[in-house]
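Asks: mmCIF, C-alpha atoms, saved as target.cif, coming up:
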data_entry
#
loop_
_atom_site.label_atom_id
_atom_site.label_comp_id
_atom_site.auth_asym_id
_atom_site.auth_seq_id
_atom_site.Cartn_x
_atom_site.Cartn_y
_atom_site.Cartn_z
CA MET M 1 -108.35 -56.11 31.81
CA THR M 2 -110.51 -59.25 31.86
CA GLY M 3 -110.38 -61.89 29.17
CA ALA M 4 -113.81 -60.99 27.87
CA GLN M 5 -112.82 -57.36 27.42
CA ALA M 6 -109.67 -58.32 25.56
CA ARG M 7 -111.70 -60.61 23.32
CA GLY M 8 -114.17 -57.79 22.70
CA ARG M 9 -111.33 -55.47 21.69
CA ASP M 10 -109.95 -58.17 19.35
CA ASP M 11 -113.36 -58.63 17.78
CA GLU M 12 -113.64 -54.92 17.22
CA THR M 13 -110.23 -54.74 15.57
CA ARG M 14 -111.01 -57.72 13.39
CA HIS M 15 -114.34 -56.14 12.46
CA PHE M 16 -112.62 -52.88 11.51
CA LEU M 17 -109.99 -54.64 9.41
CA VAL M 18 -112.65 -56.68 7.61
CA GLY M 19 -114.44 -53.39 6.95
CA LEU M 20 -111.28 -51.90 5.45
CA ALA M 21 -110.76 -54.96 3.26
CA ARG M 22 -114.36 -54.73 2.07
CA GLY M 23 -113.80 -51.09 1.28
CA LEU M 24 -110.77 -51.96 -0.82
CA ALA M 25 -112.72 -54.71 -2.56
CA GLY M 26 -115.54 -52.29 -3.31
CA ALA M 27 -113.16 -49.62 -4.59
CA LEU M 28 -111.51 -52.19 -6.85
CA LEU M 29 -114.84 -53.48 -8.12
CA PHE M 30 -116.21 -50.05 -8.94
CA ALA M 31 -113.04 -48.26 -10.06
CA LEU M 32 -111.26 -50.87 -12.21
CA PRO M 33 -113.10 -49.92 -15.42
CA MET M 34 -111.93 -46.34 -14.96
CA LEU M 35 -108.44 -47.28 -13.85
CA MET M 36 -108.07 -49.11 -17.15
CA THR M 37 -109.49 -46.35 -19.34
CA MET M 38 -106.87 -44.54 -21.39
CA GLU M 39 -108.71 -41.22 -21.42
CA MET M 40 -108.61 -41.12 -17.63
CA TRP M 41 -104.82 -41.25 -17.74
CA SER M 42 -104.43 -38.54 -20.33
CA LEU M 43 -107.01 -36.39 -18.56
CA GLY M 44 -104.49 -36.19 -15.74
CA LEU M 45 -102.29 -34.17 -18.07
CA TYR M 46 -104.76 -31.58 -19.25
CA VAL M 47 -107.86 -31.54 -17.04
CA ASP M 48 -108.61 -28.06 -15.74
CA ARG M 49 -107.13 -28.04 -12.22
CA GLY M 50 -109.90 -25.83 -10.83
CA ARG M 51 -112.59 -28.22 -12.05
CA LEU M 52 -110.67 -31.21 -10.68
CA LEU M 53 -110.41 -29.50 -7.30
CA LEU M 54 -114.14 -28.76 -7.35
CA LEU M 55 -114.89 -32.43 -8.11
CA CYS M 56 -112.66 -33.62 -5.28
CA LEU M 57 -114.21 -31.12 -2.86
CA LEU M 58 -117.79 -31.99 -3.85
CA ALA M 59 -116.96 -35.66 -3.31
CA LEU M 60 -116.51 -35.02 0.43
CA PRO M 61 -120.10 -34.01 1.34
CA LEU M 62 -121.36 -36.67 -1.09
CA LEU M 63 -119.39 -39.38 0.70
CA VAL M 64 -120.44 -38.11 4.13
CA VAL M 65 -124.15 -38.12 3.26
CA LEU M 66 -123.75 -41.49 1.55
CA ALA M 67 -122.03 -42.91 4.63
CA ARG M 68 -124.83 -41.56 6.81
CA ARG M 69 -127.53 -42.99 4.55
CA ILE M 70 -126.27 -46.43 3.71
CA GLY M 71 -123.45 -46.55 6.21
CA PHE M 72 -121.78 -49.63 7.41
CA GLU M 73 -122.19 -50.89 11.00
CA ASN M 74 -124.86 -48.51 12.27
CA VAL M 75 -123.52 -45.11 11.47
CA THR M 76 -125.61 -43.19 13.95
CA SER M 77 -123.92 -39.82 14.06
CA TRP M 78 -122.54 -37.34 11.54
CA GLY M 79 -119.15 -37.73 13.22
CA ALA M 80 -119.10 -41.44 12.47
CA ALA M 81 -120.30 -40.74 8.93
CA MET M 82 -117.47 -38.24 8.48
CA ARG M 83 -114.97 -40.80 9.72
CA ASP M 84 -116.32 -43.48 7.37
CA ALA M 85 -116.35 -41.07 4.43
CA LEU M 86 -112.74 -40.04 5.01
CA ILE M 87 -111.65 -43.66 5.34
CA ALA M 88 -113.43 -44.48 2.08
CA TYR M 89 -111.84 -41.49 0.32
CA GLY M 90 -108.44 -42.48 1.66
CA LEU M 91 -108.90 -46.07 0.49
CA GLY M 92 -109.90 -44.71 -2.91
CA ILE M 93 -106.73 -42.62 -3.18
CA LEU M 94 -104.51 -45.49 -2.04
CA LEU M 95 -106.13 -48.00 -4.35
CA GLY M 96 -106.06 -45.62 -7.32
CA ALA M 97 -102.37 -44.90 -6.82
CA ALA M 98 -101.52 -48.57 -6.25
CA VAL M 99 -103.32 -49.85 -9.37
CA LEU M 100 -101.98 -47.07 -11.61
CA LEU M 101 -98.49 -47.86 -10.30
CA LEU M 102 -99.06 -51.54 -11.00
CA PHE M 103 -99.98 -50.77 -14.60
CA GLY M 104 -96.91 -48.58 -15.04
CA ILE M 105 -98.93 -45.45 -15.63
CA LEU M 106 -97.60 -43.35 -12.77
CA ASP M 107 -93.88 -43.96 -12.90
CA ASP M 108 -93.42 -42.49 -16.36
CA GLN M 109 -94.70 -39.12 -15.18
CA PRO M 110 -92.18 -36.31 -15.15
CA THR M 111 -93.96 -34.09 -12.61
CA ALA M 112 -95.66 -34.61 -9.28
CA ASP M 113 -98.49 -32.41 -10.54
CA THR M 114 -99.71 -34.90 -13.16
CA ILE M 115 -99.27 -37.83 -10.76
CA ALA M 116 -101.50 -36.08 -8.23
CA ALA M 117 -104.07 -35.21 -10.90
CA LYS M 118 -104.22 -38.78 -12.21
CA VAL M 119 -104.72 -40.21 -8.75
CA ALA M 120 -107.22 -37.49 -7.78
CA LEU M 121 -109.35 -38.28 -10.85
CA GLN M 122 -109.56 -41.91 -9.79
CA SER M 123 -110.07 -41.24 -6.11
CA VAL M 124 -113.66 -40.00 -6.40
CA PRO M 125 -115.25 -43.07 -8.04
CA ALA M 126 -112.94 -45.36 -6.04
CA GLY M 127 -114.03 -43.62 -2.83
CA ILE M 128 -117.71 -44.09 -3.71
CA GLY M 129 -116.90 -47.73 -4.50
CA ALA M 130 -115.11 -48.18 -1.17
CA LEU M 131 -118.14 -46.88 0.70
CA LEU M 132 -120.55 -49.04 -1.27
CA GLY M 133 -118.25 -52.01 -0.79
CA ARG M 134 -118.17 -51.55 2.96
CA SER M 135 -121.92 -51.31 3.24
CA GLN M 136 -123.40 -53.26 0.35
CA LEU M 137 -120.96 -56.16 0.04
CA GLY M 138 -121.06 -56.74 3.78
CA ARG M 139 -124.78 -56.54 4.23
CA HIS M 140 -125.65 -60.19 3.95
CA SER M 141 -122.93 -61.67 6.10
CA GLU M 142 -123.92 -59.55 9.06
CA ALA M 143 -126.66 -60.53 11.45
CA ARG M 144 -128.63 -57.56 10.27
CA ASP M 145 -131.10 -59.29 8.01
CA GLY M 146 -133.88 -59.39 10.55
CA GLU M 147 -133.41 -55.73 11.30
CA ASP M 148 -133.44 -54.94 7.58
CA GLY M 149 -136.45 -57.01 6.83
CA ASP M 150 -139.34 -56.51 9.16
CA GLY M 151 -139.24 -52.91 10.21
CA GLY M 152 -138.53 -51.33 6.91
CA GLY M 153 -138.61 -47.61 7.19
CA GLU M 154 -139.76 -44.49 5.57
CA THR M 155 -137.37 -43.31 2.93
CA GLY M 156 -137.59 -39.58 2.48
CA TYR M 157 -138.04 -37.85 -0.82
CA ALA M 158 -134.66 -36.16 -0.46
CA HIS M 159 -133.11 -39.57 0.17
CA GLU M 160 -134.55 -40.95 -3.09
CA LEU M 161 -133.30 -37.94 -5.05
CA PHE M 162 -129.88 -38.20 -3.40
CA MET M 163 -129.60 -41.88 -4.30
CA MET M 164 -130.52 -41.10 -7.90
CA MET M 165 -127.85 -38.40 -7.97
CA THR M 166 -125.22 -40.80 -6.65
CA GLY M 167 -126.11 -43.46 -9.21
CA ALA M 168 -126.10 -40.93 -12.03
CA LEU M 169 -122.77 -39.46 -10.89
CA PHE M 170 -121.14 -42.85 -10.67
CA PHE M 171 -122.19 -43.87 -14.19
CA SER M 172 -121.36 -40.43 -15.57
CA LEU M 173 -117.86 -40.45 -14.10
CA ASN M 174 -117.34 -43.84 -15.68
CA MET M 175 -118.33 -42.79 -19.16
CA ALA M 176 -117.87 -39.03 -19.51
CA PRO M 177 -114.08 -39.23 -19.93
CA THR M 178 -114.32 -41.54 -22.95
CA GLU M 179 -114.22 -40.17 -26.46
CA GLU M 180 -117.24 -42.28 -27.39
CA MET M 181 -119.64 -39.91 -25.64
CA VAL M 182 -118.83 -36.95 -27.89
CA LEU M 183 -118.36 -39.20 -30.91
CA ILE M 184 -121.89 -40.60 -30.53
CA ALA M 185 -123.18 -37.07 -30.04
CA TYR M 186 -121.50 -36.06 -33.33
CA LYS M 187 -122.85 -39.04 -35.22
CA ILE M 188 -126.52 -38.84 -34.34
CA THR M 189 -129.15 -36.48 -35.71
CA PRO M 190 -131.55 -34.42 -33.56
CA VAL M 191 -134.27 -37.03 -34.18
CA HIS M 192 -132.08 -39.73 -32.62
CA THR M 193 -131.47 -37.43 -29.67
CA LEU M 194 -135.17 -36.86 -29.22
CA VAL M 195 -135.78 -40.61 -29.18
CA ALA M 196 -132.90 -41.06 -26.70
CA VAL M 197 -134.64 -38.69 -24.26
CA VAL M 198 -137.91 -40.64 -24.47
CA VAL M 199 -136.07 -43.97 -24.13
CA SER M 200 -134.11 -42.75 -21.09
CA VAL M 201 -137.24 -41.61 -19.27
CA ALA M 202 -139.08 -44.82 -20.13
CA LEU M 203 -136.13 -46.94 -18.96
CA MET M 204 -135.97 -45.07 -15.67
CA HIS M 205 -139.64 -45.55 -14.99
CA GLY M 206 -139.58 -49.17 -16.13
CA PHE M 207 -136.57 -50.06 -14.01
CA VAL M 208 -138.15 -48.86 -10.84
CA TYR M 209 -141.85 -49.57 -11.28
CA ALA M 210 -142.52 -52.11 -14.01
CA LEU M 211 -139.88 -54.84 -13.95
CA HIS M 212 -140.45 -55.92 -10.34
CA PHE M 213 -136.81 -56.29 -9.48
CA ARG M 214 -135.97 -56.90 -5.86
CA GLY M 215 -136.20 -53.51 -4.20
CA SER M 216 -138.52 -52.16 -6.87
CA HIS M 217 -141.19 -49.69 -5.97
CA ARG M 218 -144.96 -49.87 -6.17
CA PRO M 219 -147.05 -46.76 -6.32
CA ALA M 220 -149.52 -46.33 -3.46
CA GLU M 221 -152.94 -47.93 -3.77
CA GLY M 222 -155.33 -45.94 -5.86
CA SER M 223 -152.78 -43.59 -7.40
CA THR M 224 -152.30 -43.28 -11.13
CA TRP M 225 -149.16 -44.10 -13.10
CA TRP M 226 -148.32 -40.46 -13.68
CA ASP M 227 -148.18 -39.74 -9.96
CA PRO M 228 -144.78 -41.45 -9.35
CA PHE M 229 -143.77 -40.52 -12.90
CA LEU M 230 -144.11 -36.83 -12.10
CA ARG M 231 -142.79 -37.04 -8.54
CA PHE M 232 -139.84 -39.39 -9.02
CA THR M 233 -139.01 -40.28 -12.62
CA LEU M 234 -138.97 -36.79 -14.14
CA PRO M 235 -136.96 -35.21 -11.28
CA GLY M 236 -134.65 -38.22 -11.53
CA TYR M 237 -134.11 -37.60 -15.24
CA ALA M 238 -133.52 -33.90 -14.62
CA ILE M 239 -130.88 -34.88 -12.03
CA ALA M 240 -129.30 -37.40 -14.42
CA LEU M 241 -129.02 -34.75 -17.15
CA THR M 242 -127.58 -32.17 -14.75
CA ILE M 243 -125.02 -34.65 -13.48
CA SER M 244 -124.03 -35.68 -16.99
CA LEU M 245 -123.59 -32.03 -17.99
CA TYR M 246 -121.46 -31.52 -14.87
CA ALA M 247 -119.31 -34.57 -15.64
CA LEU M 248 -118.82 -33.54 -19.28
CA TRP M 249 -117.90 -30.02 -18.20
CA THR M 250 -115.45 -31.31 -15.58
CA PHE M 251 -113.61 -33.39 -18.17
CA GLY M 252 -113.54 -30.50 -20.64
CA ARG M 253 -115.82 -32.20 -23.15
CA LEU M 254 -118.04 -29.15 -23.57
CA ASP M 255 -115.31 -26.58 -24.17
CA HIS M 256 -115.64 -24.75 -27.51
CA THR M 257 -118.92 -26.49 -28.42
CA GLY M 258 -122.17 -24.75 -29.25
CA VAL M 259 -125.39 -25.28 -27.28
CA SER M 260 -126.87 -27.99 -29.51
CA PRO M 261 -123.82 -30.32 -29.51
CA ALA M 262 -123.54 -29.83 -25.73
CA VAL M 263 -127.21 -30.72 -25.22
CA THR M 264 -126.80 -33.77 -27.47
CA ALA M 265 -123.74 -34.96 -25.54
CA ALA M 266 -125.63 -34.50 -22.26
CA VAL M 267 -128.54 -36.57 -23.57
CA VAL M 268 -126.18 -39.29 -24.82
CA LEU M 269 -124.43 -39.51 -21.45
CA GLY M 270 -127.82 -38.99 -19.79
CA LEU M 271 -128.94 -42.45 -20.94
CA PRO M 272 -126.43 -44.39 -18.80
CA ALA M 273 -126.79 -41.76 -16.07
CA ALA M 274 -130.56 -42.35 -16.02
CA VAL M 275 -130.08 -46.10 -15.81
CA GLY M 276 -127.56 -45.56 -12.99
CA ALA M 277 -129.98 -43.28 -11.17
CA ALA M 278 -132.84 -45.76 -11.48
CA SER M 279 -130.77 -48.74 -10.39
CA ALA M 280 -129.43 -46.80 -7.40
CA ARG M 281 -133.04 -46.51 -6.18
CA LEU M 282 -133.30 -50.28 -6.38
CA VAL M 283 -129.94 -51.30 -5.02
CA LEU M 284 -129.06 -48.80 -2.32
CA MET Z 1 -142.43 -40.55 1.01
CA THR Z 2 -141.56 -44.16 0.28
CA ARG Z 3 -141.98 -47.11 2.62
CA SER Z 4 -139.25 -49.72 2.19
CA SER Z 5 -139.66 -53.31 3.20
CA ARG Z 6 -138.45 -56.68 2.06
CA GLY Z 7 -140.85 -57.03 -0.85
CA GLY Z 8 -139.94 -53.65 -2.28
CA SER Z 9 -141.05 -50.15 -1.51
CA VAL Z 10 -144.55 -48.80 -1.54
CA GLU Z 11 -144.89 -45.09 -1.98
CA THR Z 12 -147.33 -43.45 0.35
CA ALA Z 13 -150.20 -41.57 -1.22
CA GLU Z 14 -149.93 -38.22 0.53
CA ALA Z 15 -147.04 -36.38 -1.09
CA HIS Z 16 -145.45 -33.27 0.30
CA TRP Z 17 -145.97 -30.17 -1.85
CA VAL Z 18 -142.22 -30.00 -2.42
CA GLU Z 19 -142.45 -33.30 -4.32
CA TRP Z 20 -145.06 -31.84 -6.66
CA LEU Z 21 -142.99 -28.68 -7.06
CA ALA Z 22 -139.88 -30.73 -7.97
CA GLY Z 23 -142.00 -32.79 -10.34
CA GLY Z 24 -143.47 -29.70 -11.98
CA VAL Z 25 -140.11 -27.98 -12.42
CA SER Z 26 -138.56 -31.17 -13.83
CA ALA Z 27 -141.48 -31.63 -16.21
CA LEU Z 28 -140.94 -28.07 -17.47
CA LEU Z 29 -137.20 -28.71 -17.91
CA VAL Z 30 -137.76 -31.94 -19.82
CA ALA Z 31 -140.43 -30.23 -21.94
CA ALA Z 32 -137.98 -27.41 -22.70
CA LEU Z 33 -135.32 -29.98 -23.67
CA LEU Z 34 -137.77 -31.80 -25.95
CA GLY Z 35 -138.79 -28.47 -27.47
CA TRP Z 36 -135.18 -27.51 -28.15
CA LEU Z 37 -134.47 -30.90 -29.75
CA ALA Z 38 -137.68 -30.73 -31.82
CA ARG Z 39 -136.63 -27.31 -33.11
CA ASP Z 40 -133.19 -28.76 -33.93
CA ALA Z 41 -134.80 -31.71 -35.69
CA LEU Z 42 -137.01 -29.43 -37.78
CA THR Z 43 -134.17 -27.13 -38.82
CA TYR Z 44 -131.71 -29.99 -39.34
CA ARG Z 45 -130.44 -30.34 -42.89
CA GLN Z 46 -128.21 -33.09 -44.21
CA GLU Z 47 -125.31 -30.84 -45.18
CA PRO Z 48 -121.56 -31.31 -45.18
CA PRO Z 49 -119.44 -29.46 -42.61
CA ALA Z 50 -118.44 -25.97 -43.67
CA PHE Z 51 -115.42 -24.16 -42.26
CA ALA Z 52 -114.34 -20.62 -41.67
CA ILE Z 53 -110.80 -19.79 -40.55
CA GLU Z 54 -109.84 -16.52 -38.94
CA ILE Z 55 -106.28 -15.55 -38.07
CA VAL Z 56 -106.24 -14.31 -34.50
CA SER Z 57 -102.64 -13.21 -34.08
CA VAL Z 58 -99.15 -13.49 -35.50
CA THR Z 59 -96.38 -13.31 -32.92
CA ALA Z 60 -92.63 -13.46 -33.30
CA GLU Z 61 -90.96 -16.11 -31.16
CA ALA Z 62 -87.46 -17.46 -30.77
CA GLY Z 63 -86.63 -19.11 -34.08
CA GLY Z 64 -89.88 -18.34 -35.85
CA TYR Z 65 -93.44 -17.08 -35.80
CA ARG Z 66 -96.65 -18.36 -34.25
CA VAL Z 67 -99.85 -17.92 -36.22
CA ALA Z 68 -102.86 -18.41 -33.91
CA PHE Z 69 -106.18 -19.01 -35.63
CA ALA Z 70 -109.81 -19.81 -34.86
CA LEU Z 71 -111.60 -22.46 -36.85
CA ARG Z 72 -115.41 -22.54 -36.97
CA ASN Z 73 -117.74 -25.17 -38.30
CA THR Z 74 -120.82 -23.31 -39.47
CA ALA Z 75 -122.83 -26.34 -40.61
CA SER Z 76 -125.07 -28.64 -38.53
CA ALA Z 77 -122.85 -31.69 -39.08
CA ALA Z 78 -119.69 -32.39 -37.08
CA ALA Z 79 -116.34 -33.16 -38.70
CA ALA Z 80 -113.48 -35.37 -37.52
CA GLY Z 81 -109.76 -35.25 -38.35
CA VAL Z 82 -109.98 -31.72 -39.68
CA GLU Z 83 -106.64 -30.85 -41.26
CA VAL Z 84 -105.65 -27.20 -41.46
CA ALA Z 85 -102.79 -26.38 -43.82
CA GLY Z 86 -100.96 -23.08 -44.01
CA THR Z 87 -98.55 -21.85 -46.68
CA LEU Z 88 -96.29 -18.81 -47.00
CA ALA Z 89 -95.41 -17.03 -50.20
CA GLY Z 90 -91.91 -18.57 -50.08
CA GLY Z 91 -93.42 -22.06 -50.23
CA GLU Z 92 -93.02 -22.91 -46.53
CA ARG Z 93 -95.81 -25.17 -45.25
CA ALA Z 94 -97.21 -26.01 -41.82
CA GLY Z 95 -100.18 -28.13 -40.81
CA VAL Z 96 -102.22 -29.32 -37.85
CA THR Z 97 -105.12 -31.76 -37.39
CA PHE Z 98 -108.11 -31.31 -35.06
CA ASP Z 99 -109.70 -34.50 -33.69
CA TYR Z 100 -113.22 -33.06 -33.86
CA VAL Z 101 -114.95 -29.85 -34.75
CA ALA Z 102 -118.55 -30.04 -33.53
CA ALA Z 103 -121.50 -28.56 -35.41
CA HIS Z 104 -121.91 -24.80 -34.96
CA SER Z 105 -118.78 -24.80 -32.81
CA GLY Z 106 -115.25 -23.54 -32.91
CA GLU Z 107 -111.75 -24.69 -32.06
CA THR Z 108 -108.52 -22.75 -31.76
CA GLY Z 109 -104.99 -23.71 -32.69
CA ALA Z 110 -101.68 -22.37 -33.98
CA LEU Z 111 -99.18 -23.02 -36.75
CA PHE Z 112 -95.45 -22.29 -36.63
CA PHE Z 113 -93.46 -20.81 -39.51
CA ARG Z 114 -89.81 -19.92 -39.81
CA GLY Z 115 -90.37 -17.15 -42.33
CA ASP Z 116 -92.26 -13.98 -41.38
CA PRO Z 117 -95.98 -14.43 -42.19
CA ARG Z 118 -96.50 -10.67 -41.84
CA ALA Z 119 -94.47 -10.15 -45.02
CA GLY Z 120 -97.60 -11.25 -46.88
CA GLY Z 121 -98.59 -14.35 -48.78
CA LEU Z 122 -99.88 -16.28 -45.72
CA SER Z 123 -102.84 -18.50 -46.48
CA LEU Z 124 -104.69 -20.91 -44.17
CA ALA Z 125 -107.20 -23.43 -45.46
CA VAL Z 126 -108.88 -26.69 -44.43
CA ALA Z 127 -107.22 -29.41 -46.46
CA GLY Z 128 -109.70 -32.17 -45.56
CA TYR Z 129 -111.79 -33.93 -42.93
CA THR Z 130 -113.56 -37.24 -42.29
CA ASP Z 131 -117.15 -37.83 -41.19
CA PRO Z 132 -117.16 -38.87 -37.54
#
With the file now loaded, output its structure as structure tokens.

Replies:
Amino acid sequence: MTGAQARGRDDETRHFLVGLARGLAGALLFALPMLMTMEMWSLGLYVDRGRLLLLCLLALPLLVVLARRIGFENVTSWGAAMRDALIAYGLGILLGAAVLLLFGILDDQPTADTIAAKVALQSVPAGIGALLGRSQLGRHSEARDGEDGDGGGETGYAHELFMMMTGALFFSLNMAPTEEMVLIAYKITPVHTLVAVVVSVALMHGFVYALHFRGSHRPAEGSTWWDPFLRFTLPGYAIALTISLYALWTFGRLDHTGVSPAVTAAVVLGLPAAVGAASARLVL
Amino acid sequence: MTRSSRGGSVETAEAHWVEWLAGGVSALLVAALLGWLARDALTYRQEPPAFAIEIVSVTAEAGGYRVAFALRNTASAAAAGVEVAGTLAGGERAGVTFDYVAAHSGETGALFFRGDPRAGGLSLAVAGYTDP
């Protein structure tokens, strides 16, 4: 082996390790609020195991597509995306277990079943965080800026919707376990709920089109305001509501409730989910 | 389609029909949601929670009896800290508190007694609640 080859191998290893560290940093950044939420710990005791399994299974394709879309270091094939997604998921599980252990939340558990459930609950947002950490946190230190800047690229409609779903899911997972979501839903009247729907949709549209954040979108020349509103904002809000219903259902917040309280809770959680969906379009 | 570049993204004018379909379906869904909420808002009355308790089953267990019941809130206001108290003819009492009972929703629970509730004299009632 020549010296140059050995150096190349070293560089690659270093690169991979830096990637792992970034993944851990991202998982920590995104999952800490949930790791330190009491409801997430107690959910480990009583969350429906079938729903938890479904969440953990659905996280896999989500992470794979996410890795493919925003992947770190030129993820060019589905195989590489799969590898990155599994690494991110693994980092999420490890980090979740390590932090819960650090806070003394795992070692008081009598059964392996609840330990596994507590870690599994944390692994999904931590895995998303690990993936975002590897790609987003690393973006500006790499010599990729030129590549990012001039060419640009066409972002497909499905891509936009997928990003909105990811943002909505991330925010929903953060907030759905807390008691505040149902408490707010119980406190407000239907008029408040109605206003919350209008505010959510307006926020979504404003975030992406009006505030001119970096990464914000401009409608095509000559098109009217309702064109992107109908094509992007309303589908985005529908996705945000669906995701918030899914998150509430997963955490058992909709059990035993009638239709109206369930709709109200979905709208309440739909507000942060809508903001998450809109900001994902800007950031990712 | 959306074109991304450094200064932000510009959406291209010619949209695929799927985009309009998704937009149309979502608009219908959001309209249905608004309609549902408007109906709720129109029928909403400022009324206190109202409860109905139904005994589901009484089963004998080691050392006592389990009385399973269903609690329903029939009003359009939710209640918190709903305390259900049960008494037997002999004076034995048991109680349980529900964190929340949502509007037009139900919860289930159980009370334990040492005496046999089937002998008669069992009564279950909501002792109190707080507004959430």

Asks: Point out the residue among Z:Gly23, Z:Asp99, Z:Gly120, Z:Ala94 with the least atom-to-atom distance to Arg66 of chain Z, counting all atoms listed in the file.

Replies: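 Of Z:Gly23, Z:Asp99, Z:Gly120, Z:Ala94, the one nearest Arg66 of chain Z, counting all atoms listed in the file, is Z:Ala94.
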
Asks: Give, as AutoDock Vina command-line options, the centre coordinates and the x, y and z edge lengths in Å to one decimal for an axis-aligned box around all listed atoms of segment 17-32 of chain M, padded by 5 Å on each side.

Replies:
--center_x -113.1 --center_y -52.5 --center_z -1.4 --size_x 16.2 --size_y 18.4 --size_z 31.6

Asks: Would you mind listing what lies within 10 Å of Tyr209 of chain M as a VMD selection string, with only C-alpha atoms counted and same-chain residues fewer than 2 positions away left out?

Replies: (chain M and resid 203 to 207 211 to 213 215 to 219 225 228 to 229 233 278 282) or (chain Z and resid 9)

Asks: Give me the residues near segment 259-269 of chain M as number ranges by chain, where near means some atom within 6 Å (using all atoms listed in the file) and where sequence neighbours in that chain fewer than 6 positions away do not count.

Replies: M: 182, 185, 244-245

Asks: Residues within 7 Å of segment 27-42 of chain M, please, as a list in words. Count all atoms listed in the file; anything in the same chain fewer than 5 positions from it doesn't count.

Replies: Gly92, Leu100, Lys118, Gln122, Pro125, Ala126, Gly127, Gly129, Ala130, Gly133, Asn174, Pro177 and Thr178 of chain M

Asks: Can you list, as a PyMOL selection string, every protein, DNA or RNA residue that comes within 7 Å of Ser26 of chain Z when you count all atoms listed in the file, leaving out same-chain residues fewer than 3 positions away?

Replies: (chain M and resi 234-235+238) or (chain Z and resi 22-23+29-30)

Asks: From the list Z:Ala125, Z:Ala62, Z:Ala75, Z:Ala52, which residue is nearest chain M when using all atoms listed in the file?

Replies: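 Counting all atoms listed in the file, the residue closest to chain M is Z:Ala75.
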
Asks: Go through Z:Tyr65, Z:Trp36, Z:Tyr129, Z:Phe51 one by one, measure the shortest atom-to-atom distance of each to Ala80 of chain Z using only C-alpha atoms, and give the residue with the smallest value.

Replies: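 Checking each of Z:Tyr65, Z:Trp36, Z:Tyr129, Z:Phe51 against Ala80 of chain Z, counting only C-alpha atoms, the winner is Z:Tyr129.
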
Asks: So how many Å separate atom CA of Thr189 of chain M and atom CA of Phe69 of chain Z, to one decimal?

Replies: 28.9 Å

Asks: Please write as a list in words the full residue list that the PyMOL selection byres ((chain Z and resi 84-91) around 6) yields on this file.

Replies: Glu83, Glu92, Arg93, Ala94, Gly95, Val96, Gly121, Leu122, Ser123, Leu124, Ala125, Val126 and Ala127 of chain Z
